[in-house]
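These notes are about the structure you will find just below.
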Amino acid sequence: MHRELAVSFAVLVIVLVGFACVRDVPYAPEGVLVVSQEQQSSWVRNFNPLTTAAAARWPTLAGIYEPLLVFNSVHAEHVPWLAVSYEWREDNRVLRIITRDGVLWSDGRPFTARDVAFTFGLIDSHPALDRNGVWGFLSGVHAVDDRTVDFHFERVFIPGFDEIVAQTIVPEHIWSDIEDPVTFPNENPVATGPFTEVRLFRNQVYELGRNPRYWQEGLPRVEALRFPAYPSNDRANLALVFDEVDWAGNFVPAIDRVFVKRRPEHHHYWFPLTGSTIFLYANTTRAPFDDVRVRKALSMAINRDLLVEVALFRYSRPAEVTGLSDVFASWPKPEIAEEANWARYDRARANALLDEAGLGRGADGTRHLPDGTPLKYEILTVSGWSDWVRASQVIARDLGALGIDASVRTYDFSAWFQLVLEGRFDMTLGWSFEGPTPYVFYRWLMSATTVKPEGETSTGNWHRYGSVAADEALEAFESEADPVAQRQLGLELQRIFVTEAPAIPLYPNPSWAEYNTSRFEGFPSEEQPYADPSPNKFGRGETLLVLTSLTPRRRP
Amino acid sequence: MKESTGAGATGIGLWWEAIRRDRKAAFGIVIVAAFVLVALIGPLFVGEPDDLVGMPLQPPSLKHWLGTTGQGQDVLAQLIAGTRVSLAIGFGVGIVVVMVGALVGVTAGYFGGRVDGLLSLLFNVFLVIPGLPLAIIIAAYLPTGPLTLGMVLVVTGWAWNARVLRAQTLAQRRRDFVAAAVVAGESSFRIVTREILPTMTSLLVAQVIGSTVYAIGAQVGLEFLGLGDVSAVTWGTNLYWAQNDAALLTGAWWTFAPTGICVAVVGFGLTMLNSGFDEITNPRLQLEHAWRAYLLKRGRLPERSTPVVVDHE
Amino acid sequence: MRYILRRLGFYLLAAWAALTLNFFLPRLMPGDPAAALFARFRGRLGPEAMQALRETFGLTEAPLISQYFTYLGHVLKGDFGISVAYFPSPVLEVIGTGLVWTIFLAGTAVIVSFTIGTLLGVVSAWWRRGLIDTWLPSTLVFIGAFPYFWLAMVVLYVLGFTLGWFPLGHAYGDDMTPGFSATFLADVVRHAVLPIATVVLVTLGGWLLSMRNTMIAVLGSDYVNLARAKGLSPWRVVMRYAARNALLPSVTGFGMALGFVLGGSLLTEIVFSYPGQGYLLVQAVRNQDYPLMQGIFLVITLAVLGANLLVDFVYLWLDPRTRGSA
Amino acid sequence: MSKPVLSMRNICVDYVTDRGLVRAIDSVSLDVIEGEILGIAGESGSGKTTLAKALLRILPPPAVITGGEAYFEGRDLFSLSEPELRALRWKRISMVFQSAMNALNPVITVGEQIIDTLLAHDAGTPGAARTRARDLLEMVGIHGECIDAYTHQLSGGMRQRVGIALALALEPALVILDEPTTALDVIVEKEILEQIGDLQRRLGFAVLFITHDLARMLQFADRVAVFYAARLAEVAPAEELRRAPRHPYTQMLLSTVPSIRGGKDRQESIPGAPPSLLDPPAGCRFHPRCDRAIDLCRERTPELRELTPGHSAACHLAE
């Protein structure tokens with residue numbers, strides 16, 4: 001018995017050691033780019049590029065399918081893609097788009113302007129598919145001929161252009177037969193993008209092979225894309241650190257130590273500040289946040305340098321008082337006097353402003369409203385979003401020093417989002433809205449037309465702030481097609497924002513991008529900033545720029 | 001296995017006996033007492049656990065003995081504050097679970113017949129439905145918080161106690177003093193509470209201890225999954241945050257190692273207490289101990305065939 | 001046969017209880033799961049689209065009882081509804097992606113743990129107060145007191161992350177083609193070693209103790225005495241007489257432990273990003289994907305019930321006394 | 001004749017408790033003669049079964065043999081090593097346990113249990129062992145088909161017969177019968193005892209027959225030893241014991257037996273209870289229940305004395 005036991009233990013040990021000694025072969029075959037962008041525990045085969053429900057999978061939006069134009073957020077310009085040119089007609093009430101010639105669907109049928117018209121018709125009849133809300137301002141989309149499509153507007157609405165050209169186009173000859181495009185899983189996509197062949201689909205990994213008929217000669221040079229399923233950020237980061245992933249868009253804490261230091265010659269990251277700006281929203285329908293002095297005081301009380309260090313490992317910088325992130329780096333900035341800059345940390349002035357607003361301190365040092373109600377608030381944030389939670393804690397501490405009793409309250413995402421949509425909060429952290437121009441950004445921050453009463457769901461403007469001045473500028477923007485004039489209006493919007501302080505900008509969100517150059521080269525970097533480096537930037541097709549630029553390294 | 005020896009009055013006395021005489025039990029009680037002490041007075045000696053005290057993920061230092069979390073909080077303060085909440089939930093749930101189990105089990109065992117059939121079916125069904133997945137979905141529907149968590153743990157944890165207590169009640173029911181009480185016309189309630197339950201005191205205590213181990217473990221598991229109130233400071237949420245803040249990736253072992261070890265040590269202490277008690281109340285084991293000691297004292301190794309020891313006085 | 005029929009009846013009843021629980025839980029709980037469900041759509045859907053979706057998810061205004069029967073009917077037909085997070089995939093399809101791996105992981109872990117733990121229990125009881133009996137039970141109880149996922153994290157960190165001996169996740173290498181080739185199977189084993197080892201480590205102590213305790217009782221029984229009196233070799237006495245009988249209570253416990261171990265292996269899967277039900281369930285909870293959540297719960301419950309039935313067959317084979325009862 | 005197959009000399013067996021040792025067998029000396037049936041009688045708890053199991057050295061903890069020798073075929077059973085014991089057990093000495101229900105393994109067939117035994121002592125091939133097992137079963141009057149039955153499928157009598165078949169499997173020189181018929185009804189009991197008698201005459205083994213039923217014993221045994229509180233009270237040929245018991249305890253015991261002394265002065269039972277072995281009375285252990293006790297009985301322990309050839313008693317008053 002002794003002996004038998006000893007033998008079985010020995011076998012166990014040998015097996016364990018044996019496994020331990022198996023050397024790992026390179027993670028993926030040559031030319032296969034391993035990407036980690038979406039975090040799932042297992043993949044479900046769904047390549048529907050139109051569905052909004054589950055925030056459609058990245059490659060379906062910019063990889064398998066393609067939009068009309070790609071927006072390059074680093075250069076702040078549109079790049080011709082399925083469309084080659086456009087013009088505004090009939091007093092900016094019609095947008096004419098000329099589509100690219102010689103593009104084939106992956107099944108060999110030619111792509112034409114009729115596919116574009118069909119796609120817009122499809123989302124018209126299925127509102128659930130209208131991800132960008134284009135049918136809020138369109139009245140009709142007609143193909144004039146095989147290369148020309150006209151978009152008729154209900155009213156002049158220049159910013160609508162950005163939404164129209166971002167639409168992914170599906171082939172009419174396939175989708176016209178689909179009974180319910182909302183629930184259609186589209187398991188074998190027919191598309192125009194660089195990667196259209198589902199070479200492999202398993203629950204833990206799937207692969208997209210090259211489109212043999214891709215319209216860009218000789219592209220893509222990447223053989224295939226591989227998507228391993230990683231259930232969490234942590235796991236995805238482990239894979240990244242272990243060279244199992246070539247390209248990722250995750251938050252990695254202490255990245256220099258954790259990632260770069262392991263293999264400095266190949267492990268790189270570039271976090272351009274082109275994400276949306278993160279705000280502290282105070283509900284402006286509730287006292288005392290209806291007072292601009294209070295909002296500015298709150299903002300001045302926040303030590304953004306510390307916040308960025310604690311919450312974001314210094315990956316970002318304190319937000320500018322205009323709230324704009326680096327996407328708008330090329331837009332002119334207004335002159336702002338030092339004392340008008342309420343995004344600067346200045347506790348003394350913040351205290352003075354609150355005193356001025358009539359919020360005196362009680363015996364315990366806590367400030368109160370004129371009617372005696374103490375200023376005691378919860379800052380809402382999403383549980384698990386640790387950067388936000390840390391930021392909220394820094395803010396709560398800073399507000400405490402100001403005499404405001406603020407505490408951090410975390411919610412599940414959907415519970416939090418529900419409260420935010422309905423405006424049922426005092427203070428919350430939140431993102432802002434992005435777009436090629438500041439129009440969308442400012443519209444959702446301060447347009448009176450977007451203000452909904454508390455309790456009613458509102459897509460943006462959760463803090464419910466309406467500025468008459470802003471509405472005028474925004475309206476002018478809607479009918480201004482000239483880029484130079486647009487920039488002037490942008491300046492005007494920035495001035496209004498700085499004066500009225502509708503919300504408190506904290507920091508521009510970095511665009512997360514990590515890449516490993518041991519197997520591929522040609523990633524965008526600070527030295528070669530040809531596009532945003534993040535695989536998360538697919539909403540307006542930007543990842544297509546990267547996918548068509550990468551080149552596999554030959555193994556020595 | 002757990003036969004209650006001795007009458008009711010000695011139930012608690014037996015525990016004292018176990019702690020005094022059994023090394024395991026003594027070891028267990030020391031551990032448990034230490035943790036209870038920390039839970040009671042520990043928070044007085046550390047700062048507010050939620051406070052931002054420094055940069056995130058700082059390794060242990062003189063200023064922060066166990067370093068800082070990914071949120072820049074003091075790990076030690078969080079560990080101690082977590083001890084209080086986790087132990088409170090653990091013992092609370094342990095007691096309630098046994099109470100529910102006793103209610104169902106004793107009712108089933110005492111009344112027998114159809115009542116027994118129905119109740120037995122109920123707890124057998126609960127025993128066979130996998131607990132953690134059930135706990136997860138119940139917790140998902142309810143607003144997070146300690147009360148929810150406690151409720152979920154009770155719902156998924158009472159059945160085993162009910163089963164054991166039913167068997168025990170059945171055994172007691174057949175004993176003479178119960179029959180005598182029935183004949184004397186005492187009410188069922190009185191018989192159960194005065195005659196039957198007291199004979200099971202030590203078993204009930206053992207069950208509370210066992211259920212507490214279960215409750216602490218399950219609570220930590222659920223909270224780790226983010227099903228607790230993640231803004232509360234408990235052992236489970238500490239681990240949740242450690243995972244959330246990439247403890248593994250950044251090598252910040254200090255954010256998760258101490259909590260895990262505490263969970264294990266407390267569980268171990270409670271289990272030792274129980275198994276020590278088991279040993280001193282199991283007459284067979286007790287005699288075997290004495291037998292071994294006798295042989296060893298005479299320089300004989302215990303052997304399988306009846307040993308022959310001829311004393312030469 | 002009567003015995004099996006009785007057990008079968010019990011499992012059907014348990015399955016029905018689980019189904020009913022599954023139906024009423026969301027409807028008894030405070031809050032409106034439908035509201036949470038639509039928060040995911042970020043307020044972008046029109047009222048008609050919402051209504052259409054409501055119907056797709058089976059949220060109608062019909063009386064509860066008729067909803068209940070509709071629900072039972074759907075489940076019997078294998079229709080578990082549509083996943084919210086994986087919209088528009090049916091729940092069953094989503095579950096199907098990982099079920100095999102969960103069963104493989106939990107099943108292997110429980111069998112390995114049971115076998116090793118029981119054997120150690122036998123050894124421990126036979127050499128009472130020997131080296132193994134003195135140290136192993138306490139050590140394993142201590143290890144068993146660690147939370148599954150915690151141990152998994154430590155094991156992953158040390159053996160996977162720091163030493164690089166084992167892969168960091170998944171059920172097999174992403175380059176592998178599933179099939180019955182030796183390399184594939186070896187790869188599966190390589191990936192399963194750590195997750196299984198953690199579950200085994202945590203559960204080993206329980207099996208050891210229960211086997212040890214029954215063994216000690218059985219070793220004092222008359223038939224073991226008789227077996228020794230018969231002059232049988234110790235190995236035969238232990239295995240054929242003592243262990244064979246002491247095994248019976250452990251086997252009964254096996255069925256119940258299955259559900260427990262499955263729970264634990266769900267947690268372990270999450271740490272090892274093993275493509276099973278564990279993370280799927282947690283993700284469903286986080287996404288408030290109620291149809292998926294309920295589907296997973298049901299499937300897991302049915303799997304456990306099925307496994308219990310198998311265990312009953314084994315018991316039938318192990319204990320002849322259950323066979324004869326007419 | 002009169003060559004002893006087993007010779008016990010001053011055997012002492014103790015149970016270890018936390019309050020010290022409890023003597024369960026106190027200096028017992030007794031011979032079992034080749035081919036005889038020696039009965040051991042006594043109330044339950046008097047140490048009969050302990051003695052039987054001690055001889056085979058299968059008394060479980062906390063028992064310890066604390067003295068004496070047991071010579072069997074020239075060797076002291078108490079100084080044999082484990083392998084020697086294993087080789088001797090069952091091949092030379094076997095035993096029928098009190099309750100076959102508890103003594104037979106419930107999860108393997110009775111046949112396998114017999115075959116096990118045969119093979120453990122290298123008695124041929126499995127096939128041959130199976131045939132032999134069948135024969136053994138048929139020898140004790142059980143249908144050969146029952147070889148594949150499990151214990152729970154047999155009646156009480158049949159189980160006990162299986163136990164006997166098992167005991168005789170290796171044709172031992174000594175068979176210990178530990179109350180083999182306690183749980184059975186009178187008719188079955190009689191049948192089985194007769195059968196054992198037959199077999200014993202045919203095969204010639206010696207029997208150590210343990211029972212608390214003196215009446216049965218007197219019919220069945222050649223000689224009888226009476227146990228009282230861990231000690232021998234009286235040893236005598238069965239006939240002589242019945243006719244002329246010398247120890248007051250034996251006398252009282254006989255008075256409870258209905259068929260022997262007629263109905264009139266028959267007692268239901270002996271007044272009083274046997275002493276606790278934890279704290280036995282000084283002197284003669286029977287004195288608290290003895291109506292003839294004198295001071296000497298309270299002070300000195302009586303030795304077992306041979307009063308007439310082959311008849312010994314441990315009583316100060318016995319002549």
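Just remember, in the structure tokens the first chain shown is A, the second B, etc., residues are 1-based per chain, and ligands are 1-based in the order shown.
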May I have a table of the residues of chain B lying at most 12 Å from chain D, giving each one's closest pair of atoms and their distance in Å to one decimal, counting only C-alpha atoms, ordered by chain and ascending residue number, as a Markdown table?
| residue | atom | partner | partner_atom | distance |
| --- | --- | --- | --- | --- |
| B:Ile280 | CA | D:Asp18 | CA | 11.5 |
| B:Pro283 | CA | D:Thr17 | CA | 9.9 |
| B:Arg284 | CA | D:Pro62 | CA | 8.6 |
| B:Leu285 | CA | D:Pro62 | CA | 9.6 |
| B:Gln286 | CA | D:Asp18 | CA | 7.8 |
| B:Leu287 | CA | D:Thr17 | CA | 5.6 |
| B:Glu288 | CA | D:Pro62 | CA | 5.5 |
| B:His289 | CA | D:Pro62 | CA | 8.4 |
| B:Ala290 | CA | D:Asp18 | CA | 5.8 |
| B:Trp291 | CA | D:Pro62 | CA | 4.9 |
| B:Arg292 | CA | D:Pro62 | CA | 8.0 |
| B:Ala293 | CA | D:Val16 | CA | 9.3 |
| B:Tyr294 | CA | D:Val16 | CA | 7.3 |
| B:Leu295 | CA | D:Val64 | CA | 8.7 |
| B:Arg298 | CA | D:Thr66 | CA | 11.7 |
| B:Arg300 | CA | D:Val64 | CA | 11.3 |
| B:Pro302 | CA | D:Pro61 | CA | 9.2 |
| B:Glu303 | CA | D:Glu82 | CA | 8.9 |
| B:Arg304 | CA | D:Ile58 | CA | 8.1 |
| B:Ser305 | CA | D:Arg57 | CA | 5.2 |
| B:Thr306 | CA | D:Arg57 | CA | 4.7 |
| B:Pro307 | CA | D:Val64 | CA | 5.5 |
| B:Val308 | CA | D:Ile65 | CA | 4.5 |
| B:Val309 | CA | D:Thr66 | CA | 4.8 |
| B:Val310 | CA | D:Thr66 | CA | 4.8 |
| B:Asp311 | CA | D:Thr66 | CA | 6.7 |
| B:His312 | CA | D:Gly67 | CA | 9.8 |
| B:Glu313 | CA | D:Thr66 | CA | 11.9 |
List every residue of stretch 65-228 of chain D that DSSP, applied to the backbone of this structure, assigns to alpha helix (DSSP H), and report them as a ChimeraX atom specification. /D:82-88,100-103,110-120,126-139,156-168,186-203,214-220
Stretch 159-163 of chain D surroundings by only C-alpha atoms, 10 Å radius, close-in-sequence under 3 positions cut, as a ChimeraX atom specification: /C:226 /D:95-101,103-104,110-111,113-114,136-142,146-147,150-156,166-169,177,180-181,183-184,189,192,195-196
Nearest to chain C among B:Gly28, B:Gly150, B:Pro198, B:Pro43, with distances taken over only C-alpha atoms: which residue is it? B:Gly28
What's the 12 Å shell around C:Asp175, counting only C-alpha atoms, without same-chain residues fewer than 3 positions away, as a PyMOL selection string? (chain A and resi 24-30+32+34+200-202+204-207+226-228+244) or (chain C and resi 170-172+178+183-184+187)
Selection file, N, CA, C and O atoms, as a compact mmCIF listing (two decimals), in the first residue's frame:
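What ended up in out_23.txt:
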# COMPACT_ATOMS: atom_id res chain seq x y z
N ASP A 24 6.41 26.86 -24.51
CA ASP A 24 5.34 27.44 -25.31
C ASP A 24 5.86 27.79 -26.71
O ASP A 24 6.90 28.42 -26.87
N VAL A 25 5.10 27.39 -27.70
CA VAL A 25 5.43 27.79 -29.06
C VAL A 25 4.93 29.23 -29.23
O VAL A 25 4.10 29.68 -28.45
N PRO A 26 5.43 29.96 -30.23
CA PRO A 26 4.93 31.33 -30.45
C PRO A 26 3.41 31.31 -30.48
O PRO A 26 2.78 30.36 -30.96
N TYR A 27 2.86 32.39 -29.98
CA TYR A 27 1.44 32.36 -29.68
C TYR A 27 0.54 32.22 -30.91
O TYR A 27 -0.44 31.50 -30.86
N ALA A 28 0.88 32.88 -31.98
CA ALA A 28 0.01 32.79 -33.16
C ALA A 28 0.89 32.63 -34.40
O ALA A 28 2.05 33.03 -34.39
N PRO A 29 0.36 32.04 -35.46
CA PRO A 29 1.15 31.88 -36.67
C PRO A 29 1.53 33.24 -37.26
O PRO A 29 0.90 34.26 -36.98
N GLU A 30 2.55 33.22 -38.08
CA GLU A 30 3.03 34.45 -38.69
C GLU A 30 1.90 35.12 -39.47
O GLU A 30 1.11 34.47 -40.16
N VAL A 32 -0.73 36.54 -38.40
CA VAL A 32 -2.04 36.61 -37.73
C VAL A 32 -1.94 37.60 -36.57
O VAL A 32 -1.16 37.42 -35.64
N VAL A 34 -3.14 39.31 -33.34
CA VAL A 34 -4.01 38.98 -32.22
C VAL A 34 -4.45 40.28 -31.55
O VAL A 34 -3.62 41.10 -31.16
N LEU A 200 -12.40 30.91 -38.61
CA LEU A 200 -12.43 30.06 -37.42
C LEU A 200 -13.42 30.69 -36.47
O LEU A 200 -13.38 31.90 -36.27
N PHE A 201 -14.29 29.89 -35.92
CA PHE A 201 -15.16 30.45 -34.88
C PHE A 201 -15.38 29.43 -33.78
O PHE A 201 -16.05 28.43 -33.96
N ARG A 202 -14.78 29.69 -32.65
CA ARG A 202 -14.98 28.84 -31.47
C ARG A 202 -15.30 29.74 -30.29
O ARG A 202 -15.11 30.94 -30.36
N GLN A 204 -13.83 30.27 -27.58
CA GLN A 204 -12.78 31.03 -26.93
C GLN A 204 -11.92 31.83 -27.90
O GLN A 204 -11.06 32.59 -27.48
N VAL A 205 -12.14 31.64 -29.19
CA VAL A 205 -11.34 32.40 -30.14
C VAL A 205 -12.06 32.42 -31.48
O VAL A 205 -12.78 31.48 -31.83
N TYR A 206 -11.89 33.53 -32.22
CA TYR A 206 -12.34 33.50 -33.60
C TYR A 206 -11.35 34.27 -34.47
O TYR A 206 -10.55 35.07 -33.96
N GLU A 207 -11.38 33.95 -35.75
CA GLU A 207 -10.41 34.57 -36.66
C GLU A 207 -11.10 35.08 -37.90
O GLU A 207 -12.00 34.42 -38.44
N ARG A 226 -7.00 37.69 -35.19
CA ARG A 226 -7.45 36.68 -34.22
C ARG A 226 -7.94 37.38 -32.97
O ARG A 226 -7.31 38.28 -32.45
N PHE A 227 -9.11 36.92 -32.49
CA PHE A 227 -9.70 37.52 -31.30
C PHE A 227 -9.88 36.46 -30.23
O PHE A 227 -10.84 35.70 -30.27
N PRO A 228 -8.95 36.39 -29.28
CA PRO A 228 -9.17 35.47 -28.16
C PRO A 228 -10.18 36.10 -27.19
O PRO A 228 -10.21 37.32 -27.05
N GLU A 244 0.95 37.51 -25.80
CA GLU A 244 -0.08 36.71 -26.46
C GLU A 244 -0.98 37.60 -27.31
O GLU A 244 -1.80 37.11 -28.06
N HIS C 170 -7.85 29.91 -20.88
CA HIS C 170 -8.49 29.18 -21.97
C HIS C 170 -8.41 27.66 -21.77
O HIS C 170 -7.67 27.18 -20.92
N ALA C 171 -9.22 26.97 -22.54
CA ALA C 171 -9.31 25.53 -22.36
C ALA C 171 -8.27 24.79 -23.19
O ALA C 171 -7.91 23.67 -22.89
N TYR C 172 -7.79 25.42 -24.26
CA TYR C 172 -6.74 24.83 -25.08
C TYR C 172 -6.11 25.95 -25.88
O TYR C 172 -6.65 27.05 -25.96
N PRO C 178 -9.63 21.50 -32.32
CA PRO C 178 -10.25 20.49 -31.46
C PRO C 178 -10.44 19.19 -32.21
O PRO C 178 -10.82 19.19 -33.38
N THR C 183 -2.06 15.51 -29.45
CA THR C 183 -1.56 16.84 -29.10
C THR C 183 -2.67 17.71 -28.54
O THR C 183 -2.47 18.43 -27.58
N PHE C 184 -3.84 17.59 -29.13
CA PHE C 184 -4.95 18.42 -28.65
C PHE C 184 -5.31 18.01 -27.22
O PHE C 184 -5.46 18.85 -26.34
N ASP C 187 -2.89 19.18 -24.81
CA ASP C 187 -3.04 20.61 -24.61
C ASP C 187 -4.20 20.92 -23.67
O ASP C 187 -4.10 21.78 -22.80
Residue list for chain C near chain D as an MDAnalysis selection string, 6 Å, only C-alpha atoms: chainID C and resid 222:223 229:232 319:320
Using only C-alpha atoms, which protein or nucleic acid residues come within 12 Å of B:Leu142? Drop anything in the same chain fewer than 4 positions from it, and give the result as a PyMOL selection string. (chain B and resi 135-138+146-152+227-229) or (chain C and resi 25-33+285+288)
Given only C-alpha atoms as the counted atoms, nearest of D:Val257, D:Ala70, D:Leu304, D:Ala318 to D:Ile270: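 Using only C-alpha atoms, D:Ile270 sits closest to D:Val257.
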With a cut-off of 6 Å and counting only C-alpha atoms, select all residues of chain B in contact with chain C and give the selection as a list of chain:residue names.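 Written out as asked, the residues are B:Val125, B:Val128, B:Ile129, B:Pro130, B:Leu132, B:Pro133, B:Ala140, B:Ala264, B:Gly267, B:Phe268.
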Compute the chain B side of the contact with chain A at 7 Å, counting only C-alpha atoms, and hand it back as a VMD selection string. chain B and resid 55 to 56 71 230 to 231 244 to 246 249 to 250
Grab the residues selected above and save them as a CSV table (one decimal), in the first residue's frame with C-alpha atoms.
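What landed in out-v9.csv:
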chain,number,residue,atom,x,y,z
B,55,MET,CA,-0.8,56.8,-3.9
B,56,PRO,CA,-2.5,53.6,-5.1
B,71,GLN,CA,-7.8,53.1,-4.6
B,230,VAL,CA,-19.1,47.0,-3.4
B,231,SER,CA,-18.8,50.3,-1.6
B,244,ASN,CA,-10.6,45.0,-10.1
B,245,ASP,CA,-7.5,47.0,-9.6
B,246,ALA,CA,-5.3,44.4,-11.3
B,249,LEU,CA,-0.8,42.1,-13.0
B,250,THR,CA,0.8,44.8,-10.9
Which neighbours of stretch 115-125 of chain A fall inside 7 Å, counting only C-alpha atoms, when residues of the same chain fewer than 6 positions from it are skipped, and could you give them as a ChimeraX atom specification? /A:135,141-143,149,169-172
Non-local contacts of stretch 94-100 of chain C (7 Å; only C-alpha atoms; under 5 positions in same chain excluded) as a count of residues only: 8
State, in Å with one decimal place, the distance from atom CA of D:Arg134 to atom CA of D:Ile115. 9.6 Å
Between atom CA of D:Ser46 and atom CA of D:Ala24, what distance in Å does the model show, to one decimal?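 Computing the Euclidean distance for atom CA of D:Ser46 and atom CA of D:Ala24 yields 7.5 Å.
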